[in-house]
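K.L.:
Take a look at start_13.tsv, TSV, C-alpha atoms and all ligand atoms:
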chain	number	residue	atom	x	y	z
Y	1	MET	CA	98.63	-18.94	-77.73
Y	2	LYS	CA	100.01	-22.41	-78.43
Y	3	GLY	CA	98.91	-25.88	-77.41
Y	4	PHE	CA	100.08	-29.42	-78.14
Y	5	GLY	CA	97.40	-31.54	-79.71
Y	6	MET	CA	96.24	-34.32	-82.00
Y	7	ILE	CA	96.66	-33.60	-85.71
Y	8	ASP	CA	95.55	-37.01	-86.96
Y	9	VAL	CA	95.48	-40.62	-85.77
Y	10	GLY	CA	98.98	-41.29	-84.42
Y	11	LYS	CA	100.13	-37.74	-85.21
Y	12	THR	CA	100.58	-34.87	-82.77
Y	13	GLY	CA	101.86	-31.29	-83.11
Y	14	TRP	CA	101.56	-27.67	-82.03
Y	15	LEU	CA	98.27	-25.86	-82.60
Y	16	ASP	CA	97.33	-22.18	-82.45
Y	17	THR	CA	94.52	-21.59	-80.00
Y	18	PRO	CA	92.55	-18.52	-78.91
Y	19	GLU	CA	93.45	-16.73	-75.68
Y	20	PRO	CA	90.82	-17.71	-73.03
Y	21	LYS	CA	88.72	-14.97	-71.41
Y	22	LEU	CA	86.63	-14.93	-68.23
Y	23	GLU	CA	83.04	-15.80	-69.10
Y	24	LYS	CA	81.09	-16.27	-65.87
Y	25	PRO	CA	81.61	-14.64	-62.44
Y	26	THR	CA	82.43	-18.08	-60.98
Y	27	ASP	CA	85.30	-18.73	-63.46
Y	28	ALA	CA	89.04	-18.17	-63.19
Y	29	LEU	CA	91.87	-17.87	-65.68
Y	30	ILE	CA	94.84	-20.07	-64.87
Y	31	SER	CA	98.39	-19.94	-66.21
Y	32	ILE	CA	99.55	-23.53	-66.53
Y	33	THR	CA	102.93	-24.14	-64.86
Y	34	GLY	CA	103.28	-27.91	-65.28
Y	35	VAL	CA	101.68	-30.87	-67.06
Y	36	ALA	CA	101.97	-34.65	-67.18
Y	37	SER	CA	101.22	-37.08	-70.00
Y	38	CYS	CA	98.88	-39.96	-69.31
Y	39	THR	CA	98.69	-43.39	-70.93
Y	40	SER	CA	95.13	-42.39	-71.82
Y	41	ASP	CA	96.44	-39.42	-73.89
Y	42	VAL	CA	98.65	-41.85	-75.78
Y	43	HIS	CA	95.71	-44.26	-76.34
Y	44	LEU	CA	93.53	-41.36	-77.47
Y	45	VAL	CA	96.00	-40.30	-80.17
Y	46	GLN	CA	97.03	-43.77	-81.28
Y	47	SER	CA	93.59	-45.39	-81.38
Y	48	GLY	CA	91.70	-42.53	-83.02
Y	49	ILE	CA	88.68	-43.71	-81.00
Y	50	PHE	CA	87.26	-40.18	-80.91
Y	51	ASP	CA	87.55	-38.55	-84.33
Y	52	SER	CA	86.58	-35.18	-82.83
Y	53	VAL	CA	89.87	-34.96	-80.89
Y	54	LYS	CA	91.60	-34.13	-84.17
Y	55	GLY	CA	92.56	-30.47	-84.23
Y	56	HIS	CA	92.30	-30.13	-80.46
Y	57	VAL	CA	94.85	-29.66	-77.72
Y	58	ILE	CA	95.21	-32.82	-75.61
Y	59	GLY	CA	96.30	-33.35	-72.00
Y	60	HIS	CA	94.33	-33.55	-68.78
Y	61	GLU	CA	96.88	-33.40	-65.94
Y	62	ALA	CA	98.08	-29.95	-64.90
Y	63	ILE	CA	99.01	-27.48	-62.19
Y	64	GLY	CA	99.03	-23.72	-62.46
Y	65	VAL	CA	98.81	-20.29	-60.92
Y	66	VAL	CA	95.62	-18.23	-60.78
Y	67	ASP	CA	95.79	-15.18	-63.10
Y	68	GLU	CA	92.38	-13.64	-62.66
Y	69	VAL	CA	89.14	-14.57	-60.89
Y	70	GLY	CA	85.49	-13.71	-61.56
Y	71	SER	CA	83.58	-11.41	-59.19
Y	72	GLU	CA	81.83	-14.28	-57.36
Y	73	VAL	CA	84.92	-16.41	-56.66
Y	74	LYS	CA	85.46	-16.46	-52.88
Y	75	ASP	CA	88.33	-18.81	-52.01
Y	76	PHE	CA	90.88	-18.28	-54.79
Y	77	LYS	CA	92.85	-15.18	-55.77
Y	78	LYS	CA	95.51	-14.10	-58.26
Y	79	GLY	CA	98.81	-15.85	-57.56
Y	80	ASP	CA	97.36	-18.95	-55.83
Y	81	ARG	CA	99.15	-22.19	-56.67
Y	82	VAL	CA	96.52	-24.69	-57.80
Y	83	LEU	CA	95.92	-28.20	-59.02
Y	84	VAL	CA	94.03	-28.04	-62.31
Y	85	PRO	CA	92.02	-31.25	-62.47
Y	86	ASP	CA	90.66	-33.03	-65.47
Y	87	PHE	CA	87.19	-31.65	-65.00
Y	88	SER	CA	85.23	-29.35	-62.75
Y	89	PRO	CA	82.22	-31.16	-61.29
Y	90	TYR	CA	78.76	-29.68	-61.64
Y	91	PHE	CA	76.93	-30.20	-58.37
Y	92	GLY	CA	73.52	-28.95	-59.45
Y	93	ASP	CA	71.92	-32.17	-60.68
Y	94	PHE	CA	70.81	-35.52	-59.24
Y	95	ALA	CA	73.82	-37.47	-60.56
Y	96	SER	CA	76.16	-35.19	-58.65
Y	97	GLN	CA	74.01	-35.19	-55.54
Y	98	ASP	CA	74.16	-38.98	-55.71
Y	99	GLY	CA	77.97	-38.80	-55.55
Y	100	MET	CA	78.52	-39.35	-59.27
Y	101	SER	CA	79.37	-35.96	-60.70
Y	102	ASN	CA	81.23	-37.79	-63.47
Y	103	HIS	CA	77.80	-38.79	-64.85
Y	104	SER	CA	76.70	-35.20	-65.22
Y	105	PRO	CA	77.10	-33.92	-68.79
Y	106	ASN	CA	77.60	-30.46	-67.26
Y	107	SER	CA	80.78	-31.63	-65.49
Y	108	SER	CA	82.93	-32.40	-68.49
Y	109	ARG	CA	85.62	-29.89	-69.29
Y	110	THR	CA	88.80	-31.39	-70.64
Y	111	PHE	CA	89.35	-34.89	-72.03
Y	112	SER	CA	86.01	-34.57	-73.75
Y	113	PRO	CA	86.83	-35.14	-77.39
Y	114	ASN	CA	85.58	-31.84	-78.74
Y	115	LEU	CA	87.17	-29.57	-76.15
Y	116	ASP	CA	90.75	-28.40	-75.83
Y	117	GLY	CA	92.88	-30.01	-73.14
Y	118	LEU	CA	95.55	-28.74	-70.78
Y	119	PHE	CA	98.83	-29.03	-72.75
Y	120	THR	CA	98.70	-25.29	-73.25
Y	121	GLU	CA	99.65	-21.94	-71.71
Y	122	ARG	CA	96.45	-20.63	-70.14
Y	123	VAL	CA	93.00	-22.09	-69.46
Y	124	LEU	CA	89.58	-20.99	-68.36
Y	125	PHE	CA	88.40	-22.99	-65.35
Y	126	GLU	CA	84.71	-23.11	-64.44
Y	127	ARG	CA	83.07	-23.27	-60.99
Y	128	VAL	CA	86.36	-22.49	-59.30
Y	129	ASP	CA	85.31	-22.59	-55.64
Y	130	SER	CA	84.03	-26.15	-55.90
Y	131	GLY	CA	86.35	-27.55	-58.57
Y	132	LEU	CA	89.85	-26.12	-58.28
Y	133	ALA	CA	92.16	-27.23	-55.44
Y	134	HIS	CA	94.79	-25.37	-53.41
Y	135	ILE	CA	98.19	-27.09	-53.28
Y	136	PRO	CA	99.55	-27.26	-49.71
Y	137	ASP	CA	102.88	-25.42	-49.28
Y	138	ASN	CA	104.83	-28.58	-48.48
Y	139	VAL	CA	103.49	-30.50	-51.50
Y	140	THR	CA	105.83	-30.07	-54.46
Y	141	ASP	CA	104.73	-29.27	-58.00
Y	142	SER	CA	105.73	-32.78	-59.08
Y	143	GLN	CA	103.69	-34.41	-56.33
Y	144	ALA	CA	100.67	-32.21	-57.02
Y	145	LEU	CA	100.77	-33.12	-60.71
Y	146	MET	CA	100.24	-36.77	-59.76
Y	147	VAL	CA	96.99	-35.77	-58.04
Y	148	ALA	CA	95.50	-34.55	-61.31
Y	149	ASP	CA	94.77	-38.12	-62.44
Y	150	MET	CA	97.06	-40.90	-61.17
Y	151	VAL	CA	96.18	-40.57	-57.48
Y	152	PRO	CA	92.40	-40.07	-57.84
Y	153	THR	CA	92.17	-42.86	-60.42
Y	154	ALA	CA	94.06	-45.31	-58.23
Y	155	LEU	CA	92.39	-44.27	-54.99
Y	156	THR	CA	88.87	-44.27	-56.42
Y	157	ASN	CA	89.43	-47.86	-57.48
Y	158	VAL	CA	91.01	-48.83	-54.17
Y	159	ASP	CA	88.13	-47.12	-52.31
Y	160	PHE	CA	85.74	-49.28	-54.30
Y	161	LEU	CA	87.59	-52.42	-53.17
Y	162	ASP	CA	86.63	-51.57	-49.58
Y	163	ILE	CA	89.72	-53.33	-48.20
Y	164	LYS	CA	89.36	-54.70	-44.66
Y	165	PHE	CA	92.42	-54.83	-42.38
Y	166	GLY	CA	94.43	-57.94	-43.18
Y	167	GLU	CA	92.86	-58.76	-46.54
Y	168	THR	CA	94.98	-60.00	-49.44
Y	169	VAL	CA	95.07	-57.87	-52.56
Y	170	ALA	CA	96.26	-58.50	-56.13
Y	171	VAL	CA	97.24	-55.49	-58.25
Y	172	ILE	CA	97.40	-56.51	-61.91
Y	173	GLY	CA	99.41	-53.90	-63.82
Y	174	ILE	CA	101.99	-51.69	-62.13
Y	175	GLY	CA	102.29	-48.68	-64.39
Y	176	PRO	CA	101.73	-45.34	-62.67
Y	177	VAL	CA	98.11	-46.12	-61.75
Y	178	GLY	CA	98.84	-49.61	-60.40
Y	179	LEU	CA	101.85	-48.38	-58.42
Y	180	VAL	CA	99.82	-45.71	-56.65
Y	181	GLY	CA	97.19	-48.44	-56.19
Y	182	VAL	CA	99.74	-50.65	-54.40
Y	183	GLU	CA	100.58	-47.89	-51.92
Y	184	ALA	CA	96.90	-47.06	-51.45
Y	185	ALA	CA	96.09	-50.73	-50.76
Y	186	ALA	CA	98.91	-50.81	-48.20
Y	187	ILE	CA	97.65	-47.75	-46.30
Y	188	SER	CA	94.09	-49.08	-46.54
Y	189	GLY	CA	95.08	-52.10	-44.44
Y	190	ALA	CA	95.94	-54.85	-46.92
Y	191	SER	CA	98.22	-57.58	-45.55
Y	192	LYS	CA	99.77	-59.44	-48.49
Y	193	ILE	CA	99.88	-57.47	-51.75
Y	194	ILE	CA	100.66	-59.42	-54.92
Y	195	ALA	CA	101.60	-57.18	-57.86
Y	196	VAL	CA	101.81	-58.14	-61.55
Y	197	GLY	CA	104.15	-56.28	-63.91
Y	198	SER	CA	107.27	-56.87	-65.93
Y	199	ARG	CA	109.76	-54.00	-66.14
Y	200	PRO	CA	112.39	-53.79	-63.38
Y	201	ILE	CA	111.78	-50.09	-62.61
Y	202	THR	CA	108.11	-50.78	-61.91
Y	203	LYS	CA	108.94	-53.82	-59.78
Y	204	THR	CA	111.35	-51.72	-57.69
Y	205	VAL	CA	108.74	-49.03	-57.00
Y	206	ALA	CA	106.06	-51.67	-56.34
Y	207	LYS	CA	108.24	-53.13	-53.58
Y	208	GLN	CA	108.94	-49.66	-52.19
Y	209	ASN	CA	105.18	-48.98	-52.15
Y	210	GLY	CA	104.37	-52.14	-50.21
Y	211	ALA	CA	104.06	-55.08	-52.63
Y	212	ASN	CA	105.14	-58.34	-50.98
Y	213	VAL	CA	105.25	-60.55	-54.07
Y	214	ILE	CA	105.91	-59.39	-57.64
Y	215	ILE	CA	104.81	-61.58	-60.51
Y	216	ASP	CA	105.98	-61.23	-64.10
Y	217	TYR	CA	103.24	-61.99	-66.63
Y	218	HIS	CA	105.90	-63.18	-69.09
Y	219	ASP	CA	106.73	-66.06	-66.73
Y	220	GLY	CA	103.46	-67.95	-67.34
Y	221	PRO	CA	99.72	-67.61	-66.68
Y	222	ILE	CA	99.15	-64.99	-63.97
Y	223	VAL	CA	96.22	-66.95	-62.50
Y	224	ASP	CA	98.52	-69.84	-61.57
Y	225	GLN	CA	101.21	-67.49	-60.33
Y	226	ILE	CA	98.88	-65.42	-58.13
Y	227	LEU	CA	97.17	-68.50	-56.63
Y	228	SER	CA	100.52	-70.09	-55.94
Y	229	ALA	CA	101.82	-66.87	-54.32
Y	230	ASN	CA	98.74	-66.88	-52.09
Y	231	GLY	CA	99.10	-70.46	-50.85
Y	232	GLY	CA	96.62	-71.84	-53.38
Y	233	ARG	CA	93.82	-69.53	-52.21
Y	234	ARG	CA	92.12	-66.72	-54.09
Y	235	VAL	CA	92.80	-63.17	-52.95
Y	236	ASP	CA	90.12	-61.04	-51.28
Y	237	LYS	CA	90.35	-58.04	-53.58
Y	238	THR	CA	91.83	-57.32	-57.03
Y	239	LEU	CA	92.75	-54.05	-58.70
Y	240	VAL	CA	93.14	-54.23	-62.49
Y	241	ALA	CA	95.45	-51.47	-63.76
Y	242	GLY	CA	96.82	-52.82	-67.01
Y	243	GLY	CA	96.81	-55.66	-69.48
Y	244	ASN	CA	94.56	-56.79	-72.28
Y	245	ASN	CA	90.94	-57.94	-72.37
Y	246	ASP	CA	91.85	-61.37	-70.94
Y	247	VAL	CA	93.07	-59.82	-67.72
Y	248	ILE	CA	89.56	-59.07	-66.46
Y	249	ASN	CA	88.73	-62.78	-66.79
Y	250	ASP	CA	91.92	-63.60	-64.91
Y	251	ALA	CA	90.82	-61.18	-62.18
Y	252	PHE	CA	87.63	-63.22	-61.68
Y	253	LYS	CA	89.67	-66.42	-61.44
Y	254	VAL	CA	92.00	-65.10	-58.73
Y	255	THR	CA	89.42	-63.29	-56.58
Y	256	ARG	CA	87.40	-65.16	-53.94
Y	257	PRO	CA	83.61	-65.41	-54.14
Y	258	GLY	CA	82.22	-62.32	-52.42
Y	259	GLY	CA	85.48	-60.45	-53.01
Y	260	LYS	CA	85.72	-57.36	-55.15
Y	261	ILE	CA	87.40	-56.39	-58.41
Y	262	ALA	CA	88.00	-52.79	-59.48
Y	263	SER	CA	89.35	-51.85	-62.90
Y	264	ALA	CA	90.95	-48.62	-64.06
Y	265	VAL	CA	91.15	-50.07	-67.56
Y	266	LEU	CA	88.41	-49.42	-70.06
Y	267	PHE	CA	87.85	-52.86	-71.59
Y	268	VAL	CA	86.59	-52.92	-75.14
Y	269	VAL	CA	85.29	-56.47	-75.38
Y	270	PRO	CA	83.02	-57.58	-78.24
Y	271	GLU	CA	79.97	-58.00	-75.98
Y	272	ILE	CA	80.09	-54.38	-74.84
Y	273	LYS	CA	79.51	-51.84	-77.56
Y	274	ILE	CA	81.09	-48.58	-76.55
Y	275	PRO	CA	79.12	-45.69	-78.05
Y	276	THR	CA	81.23	-43.53	-80.30
Y	277	ALA	CA	81.86	-39.86	-79.80
Y	278	SER	CA	79.12	-38.89	-82.21
Y	279	GLU	CA	76.51	-40.98	-80.35
Y	280	ASP	CA	77.39	-39.88	-76.85
Y	281	PHE	CA	80.80	-38.41	-76.17
Y	282	ASP	CA	80.09	-38.30	-72.47
Y	283	ILE	CA	80.84	-42.05	-72.39
Y	284	ASP	CA	84.39	-41.37	-71.22
Y	285	TYR	CA	83.11	-40.09	-67.90
Y	286	LYS	CA	80.47	-42.79	-67.57
Y	287	ALA	CA	82.96	-45.54	-68.26
Y	288	LEU	CA	85.95	-44.26	-66.35
Y	289	THR	CA	86.26	-44.05	-62.62
Y	290	LEU	CA	87.51	-40.53	-62.44
Y	291	ARG	CA	86.53	-38.42	-59.48
Y	292	SER	CA	87.18	-34.76	-58.95
Y	293	GLY	CA	85.97	-31.85	-56.82
Y	294	ARG	CA	87.89	-29.56	-54.51
Y	295	LEU	CA	87.16	-31.39	-51.22
Y	296	TYR	CA	88.27	-34.74	-52.64
Y	297	LEU	CA	91.43	-33.38	-54.30
Y	298	GLU	CA	92.50	-31.37	-51.27
Y	299	ARG	CA	92.02	-34.49	-49.09
Y	300	LEU	CA	94.22	-36.48	-51.48
Y	301	MET	CA	96.92	-33.80	-51.30
Y	302	SER	CA	96.79	-33.91	-47.49
Y	303	LEU	CA	97.77	-37.60	-47.73
Y	304	ILE	CA	100.96	-36.41	-49.43
Y	305	SER	CA	101.37	-33.45	-47.11
Y	306	TYR	CA	101.35	-35.77	-44.06
Y	307	GLY	CA	103.67	-38.34	-45.63
Y	308	ARG	CA	101.15	-41.17	-46.16
Y	309	LEU	CA	101.34	-41.27	-49.95
Y	310	HIS	CA	104.43	-40.84	-52.17
Y	311	PRO	CA	103.28	-40.38	-55.79
Y	312	GLU	CA	106.59	-38.71	-56.69
Y	313	ARG	CA	108.06	-42.23	-56.79
Y	314	ILE	CA	106.30	-42.87	-60.11
Y	315	ILE	CA	107.94	-39.86	-61.84
Y	316	THR	CA	110.91	-41.17	-63.81
Y	317	LYS	CA	111.56	-38.14	-66.03
Y	318	THR	CA	111.17	-34.39	-65.48
Y	319	TYR	CA	111.37	-32.08	-68.50
Y	320	HIS	CA	111.78	-28.32	-68.15
Y	321	GLY	CA	110.08	-25.73	-70.37
Y	322	PHE	CA	106.73	-25.61	-72.17
Y	323	GLU	CA	108.50	-26.43	-75.45
Y	324	SER	CA	109.44	-29.87	-74.14
Y	325	ILE	CA	105.84	-31.20	-74.03
Y	326	PRO	CA	106.36	-33.15	-77.30
Y	327	ASP	CA	109.44	-34.87	-75.79
Y	328	ALA	CA	107.54	-35.75	-72.61
Y	329	PHE	CA	104.68	-37.17	-74.69
Y	330	GLU	CA	107.09	-39.16	-76.84
Y	331	TYR	CA	108.67	-40.57	-73.66
Y	332	MET	CA	105.25	-41.90	-72.56
Y	333	THR	CA	104.48	-43.22	-76.05
Y	334	LYS	CA	107.72	-45.20	-76.36
Y	335	LYS	CA	107.77	-46.44	-72.75
Y	336	GLY	CA	111.34	-47.65	-72.40
Y	337	PRO	CA	112.59	-49.98	-69.69
Y	338	ASP	CA	113.02	-47.09	-67.24
Y	339	THR	CA	109.72	-45.32	-67.96
Y	340	ILE	CA	106.92	-44.91	-65.50
Y	341	LYS	CA	105.73	-41.31	-65.87
Y	342	SER	CA	107.02	-38.04	-67.29
Y	343	ILE	CA	106.19	-34.50	-66.25
Y	344	VAL	CA	106.92	-31.05	-67.68
Y	345	LEU	CA	107.57	-28.08	-65.43
Y	346	TYR	CA	107.26	-24.90	-67.58
T	1	LIG	P1	100.60	-48.45	-68.14
T	1	LIG	O1	101.73	-47.54	-67.80
T	1	LIG	O2	100.40	-48.86	-69.53
T	1	LIG	O3	100.77	-49.74	-67.20
T	1	LIG	C1	100.13	-50.94	-67.49
T	1	LIG	C2	100.69	-52.04	-66.60
T	1	LIG	O4	100.09	-53.29	-66.99
T	1	LIG	C3	102.20	-52.23	-66.73
T	1	LIG	O5	102.71	-52.63	-65.49
T	1	LIG	C4	102.29	-53.37	-67.73
T	1	LIG	O6	103.51	-54.08	-67.64
T	1	LIG	C5	101.13	-54.24	-67.27
T	1	LIG	N1	100.70	-55.21	-68.27
T	1	LIG	C6	100.75	-55.11	-69.62
T	1	LIG	N2	100.25	-56.23	-70.19
T	1	LIG	C7	99.89	-57.05	-69.17
T	1	LIG	C8	99.32	-58.36	-69.11
T	1	LIG	N3	99.00	-59.05	-70.21
T	1	LIG	N4	99.05	-58.89	-67.90
T	1	LIG	C9	99.34	-58.21	-66.78
T	1	LIG	N5	99.90	-56.98	-66.77
T	1	LIG	C10	100.15	-56.40	-67.95
T	1	LIG	O7	99.20	-47.81	-67.68
T	1	LIG	P2	98.80	-46.73	-66.54
T	1	LIG	O8	99.17	-45.37	-67.00
T	1	LIG	O9	99.27	-47.19	-65.21
T	1	LIG	O10	97.24	-46.86	-66.63
T	1	LIG	C11	96.61	-48.10	-66.36
T	1	LIG	C12	95.27	-48.15	-67.07
T	1	LIG	O11	94.38	-47.21	-66.47
T	1	LIG	C13	95.35	-47.81	-68.56
T	1	LIG	O12	94.46	-48.66	-69.26
T	1	LIG	C14	94.83	-46.39	-68.61
T	1	LIG	O13	94.26	-46.06	-69.85
T	1	LIG	C15	93.81	-46.40	-67.50
T	1	LIG	N6	93.57	-45.09	-66.89
T	1	LIG	C16	92.32	-44.84	-66.49
T	1	LIG	C17	92.06	-43.67	-65.88
T	1	LIG	C18	90.69	-43.38	-65.36
T	1	LIG	O14	89.88	-44.26	-65.24
T	1	LIG	N7	90.40	-42.18	-65.05
T	1	LIG	C19	93.05	-42.72	-65.68
T	1	LIG	C20	94.35	-43.02	-66.07
T	1	LIG	C21	94.61	-44.24	-66.67
T	1	LIG	P3	104.86	-53.62	-68.45
T	1	LIG	O15	105.82	-53.23	-67.40
T	1	LIG	O16	105.26	-54.84	-69.20
T	1	LIG	O17	104.49	-52.48	-69.35
T	2	ZN	ZN	94.63	-39.87	-67.52
Would you give me this structure, written as structure tokens?
Ligand code: NAP
Ligand code: ZN
P.N.:
Amino acid sequence: MKGFGMIDVGKTGWLDTPEPKLEKPTDALISITGVASCTSDVHLVQSGIFDSVKGHVIGHEAIGVVDEVGSEVKDFKKGDRVLVPDFSPYFGDFASQDGMSNHSPNSSRTFSPNLDGLFTERVLFERVDSGLAHIPDNVTDSQALMVADMVPTALTNVDFLDIKFGETVAVIGIGPVGLVGVEAAAISGASKIIAVGSRPITKTVAKQNGANVIIDYHDGPIVDQILSANGGRRVDKTLVAGGNNDVINDAFKVTRPGGKIASAVLFVVPEIKIPTASEDFDIDYKALTLRSGRLYLERLMSLISYGRLHPERIITKTYHGFESIPDAFEYMTKKGPDTIKSIVLY
């Protein structure tokens, strides 16, 4: 079997990987039918932050079809069309019972540096009944792929903002995550939404998704621009979905006292020492805001099914065929003027 992975820092390629086999009665084997590249995959390869990714298949956004299920799997069968999330939560410990399954070391599956990811042909998925999600019939493959990471990342952050009807919201960064964040803020009851980006394609989708004012960070300090767009007042809530380390400080300057700031970006500032993979590779789940689990993912897909959320708007390029994964990854690495997000349908 083949998979697309990290060969060295900044270098990717095809890898030979073993065929997965059912291990536990609660597992399933899934044939992958589509994948999407994430900005985080690009960062992972380019930064070399986790040395142990070398030699492993990357990718953590996928859909597929169930091939085979273990004897104890109740709700999934061969042929089911499924969303294959980044990880399958483990619900048997206190972290998970406290609503933070991403803090459980037992939850990690892909995107952990020393495990193979989803840019491959077939995968073993653990704890299927609680971790895998059925795709509703009227949700397309492309839409479902956006629920692997973009939608839960954006909506977890927007949930955290706890937007009250009529509040003003700034969304700093309108790549795929920020753009879904704009639409989520709109359906959560925000009144004025001020979005910060630069490329025309992202500005167009931001408007479509409900942004009222679009600010270009090349046109001067974003703090001044956001305050001016909000009549000199600070906004109630701010979502950070892009930018450098200075942006988090800007977020504090534009958000009112008692407001809230949520960030999808993992800031590596000098004061915070991020443990390396060898010290504690689970840091990716502790630091990121990823959420998974079947109930949550199926709820997110029902937002698409009932026309509330339109994540397909962020897909700017669809490749066909497993062999085109390198092209789709390259497209996300180069990020041209018309790039938001690429997908591959096998
Ligand atoms: P992206 O495509 O790189 O988008 C970043 C956005 O920020 C773009 O709109 C970009 O504008 C804008 N930007 C760049 N520099 C800026 C600056 N100085 N000030 C203000 N805006 C600036 O990223 P993405 O895929 O949407 O992901 C957003 C972040 O979330 C990334 O850091 C990613 O690693 C992270 N992420 C986290 C999770 C998670 O927590 N689970 C999951 C996925 C992604 P341009 O148009 O000029 O590029
Ligand atoms: Zn991601």
K.L.:
Using only C-alpha atoms and all ligand atoms, what does the table of chain Y residues within 10 Å of ligand ZN 2 (chain T) look like, with each row giving the shortest atom pair and its distance in Å to one decimal, sorted by chain and ascending number, as CSV?
P.N.:
residue,atom,partner,partner_atom,distance
Y:Ala36,CA,T:ZN2,ZN,9.0
Y:Ser37,CA,T:ZN2,ZN,7.6
Y:Cys38,CA,T:ZN2,ZN,4.6
Y:Thr39,CA,T:ZN2,ZN,6.4
Y:Ser40,CA,T:ZN2,ZN,5.0
Y:Asp41,CA,T:ZN2,ZN,6.6
Y:Val42,CA,T:ZN2,ZN,9.4
Y:His43,CA,T:ZN2,ZN,9.9
Y:Gly59,CA,T:ZN2,ZN,8.1
Y:His60,CA,T:ZN2,ZN,6.5
Y:Glu61,CA,T:ZN2,ZN,7.0
Y:Asp86,CA,T:ZN2,ZN,8.2
Y:Phe111,CA,T:ZN2,ZN,8.5
Y:Ala148,CA,T:ZN2,ZN,8.2
Y:Asp149,CA,T:ZN2,ZN,5.4
Y:Met150,CA,T:ZN2,ZN,6.9
Y:Pro152,CA,T:ZN2,ZN,9.9
Y:Thr153,CA,T:ZN2,ZN,8.1
Y:Val177,CA,T:ZN2,ZN,9.2
Y:Leu288,CA,T:ZN2,ZN,9.8
Y:Leu290,CA,T:ZN2,ZN,8.8
K.L.:
Go through Y:Ser71, Y:Thr120, Y:Ser47, Y:Ser52 one by one, measure the shortest atom-to-atom distance of each to ligand LIG 1 (chain T) using all atoms listed in the file, and give the residue with the smallest value.
P.N.:
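So, comparing all the options, the nearest one is Y:Ser47.
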K.L.:
Around ligand LIG 1 (chain T), which protein and nucleic acid residues have at least one atom no more than 8 Å from it, if we count all atoms listed in the file? List them as JSON, numbers by chain.
P.N.:
{"Y": [38, 39, 40, 43, 149, 150, 152, 153, 154, 172, 173, 174, 175, 176, 177, 178, 179, 196, 197, 198, 199, 200, 202, 216, 217, 222, 240, 241, 242, 243, 244, 246, 247, 263, 264, 265, 266, 287, 288, 289, 290, 291, 335, 337, 340, 341]}
K.L.:
Suppose we keep C-alpha atoms; can you now write the selection as a short mmCIF file (atom, residue, chain, number, x, y, z; two decimals), in the coordinates of the input?
P.N.:
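Result file is part28.cif:
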data_model
loop_
_atom_site.label_atom_id
_atom_site.label_comp_id
_atom_site.auth_asym_id
_atom_site.auth_seq_id
_atom_site.Cartn_x
_atom_site.Cartn_y
_atom_site.Cartn_z
CA CYS Y 38 98.88 -39.96 -69.31
CA THR Y 39 98.69 -43.39 -70.93
CA SER Y 40 95.13 -42.39 -71.82
CA HIS Y 43 95.71 -44.26 -76.34
CA ASP Y 149 94.77 -38.12 -62.44
CA MET Y 150 97.06 -40.90 -61.17
CA PRO Y 152 92.40 -40.07 -57.84
CA THR Y 153 92.17 -42.86 -60.42
CA ALA Y 154 94.06 -45.31 -58.23
CA ILE Y 172 97.40 -56.51 -61.91
CA GLY Y 173 99.41 -53.90 -63.82
CA ILE Y 174 101.99 -51.69 -62.13
CA GLY Y 175 102.29 -48.68 -64.39
CA PRO Y 176 101.73 -45.34 -62.67
CA VAL Y 177 98.11 -46.12 -61.75
CA GLY Y 178 98.84 -49.61 -60.40
CA LEU Y 179 101.85 -48.38 -58.42
CA VAL Y 196 101.81 -58.14 -61.55
CA GLY Y 197 104.15 -56.28 -63.91
CA SER Y 198 107.27 -56.87 -65.93
CA ARG Y 199 109.76 -54.00 -66.14
CA PRO Y 200 112.39 -53.79 -63.38
CA THR Y 202 108.11 -50.78 -61.91
CA ASP Y 216 105.98 -61.23 -64.10
CA TYR Y 217 103.24 -61.99 -66.63
CA ILE Y 222 99.15 -64.99 -63.97
CA VAL Y 240 93.14 -54.23 -62.49
CA ALA Y 241 95.45 -51.47 -63.76
CA GLY Y 242 96.82 -52.82 -67.01
CA GLY Y 243 96.81 -55.66 -69.48
CA ASN Y 244 94.56 -56.79 -72.28
CA ASP Y 246 91.85 -61.37 -70.94
CA VAL Y 247 93.07 -59.82 -67.72
CA SER Y 263 89.35 -51.85 -62.90
CA ALA Y 264 90.95 -48.62 -64.06
CA VAL Y 265 91.15 -50.07 -67.56
CA LEU Y 266 88.41 -49.42 -70.06
CA ALA Y 287 82.96 -45.54 -68.26
CA LEU Y 288 85.95 -44.26 -66.35
CA THR Y 289 86.26 -44.05 -62.62
CA LEU Y 290 87.51 -40.53 -62.44
CA ARG Y 291 86.53 -38.42 -59.48
CA LYS Y 335 107.77 -46.44 -72.75
CA PRO Y 337 112.59 -49.98 -69.69
CA ILE Y 340 106.92 -44.91 -65.50
CA LYS Y 341 105.73 -41.31 -65.87
#
K.L.:
Go through Y:Leu155, Y:Asp250, Y:Gly336, Y:Asn209 and flag the residue nearest Arg313 of chain Y, using all atoms listed in the file for the distances.
P.N.:
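Selected residue with least distance to Arg313 of chain Y: Y:Asn209.
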K.L.:
Hey, which of Y:Arg234, Y:Arg256, Y:Lys334, Y:Arg122 ends up closest to Met1 of chain Y? Count all atoms listed in the file.
P.N.:
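When distances to Met1 of chain Y are compared using all atoms listed in the file, the smallest one comes from Y:Arg122.
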K.L.:
What's around Val213 of chain Y at 10 Å? Count only C-alpha atoms, leave out sequence neighbours fewer than 2 positions away in its own chain, and write the answer as a list in words.
P.N.:
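In the requested form, the answer reads Ala170, Lys192, Ile193, Ile194, Ala195, Val196, Lys203, Ala206, Lys207, Gly210, Ala211, Ile215, Ile226, Ala229 and Asn230 of chain Y.
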K.L.:
Edge lengths and centre, in Å to one decimal, as AutoDock Vina command-line options: that's what I need for the box along x, y and z that holds all listed atoms of segment 218-229 of chain Y plus 8 Å on each side.
P.N.:
--center_x 101.5 --center_y -66.6 --center_z -61.7 --size_x 26.5 --size_y 22.9 --size_z 30.8
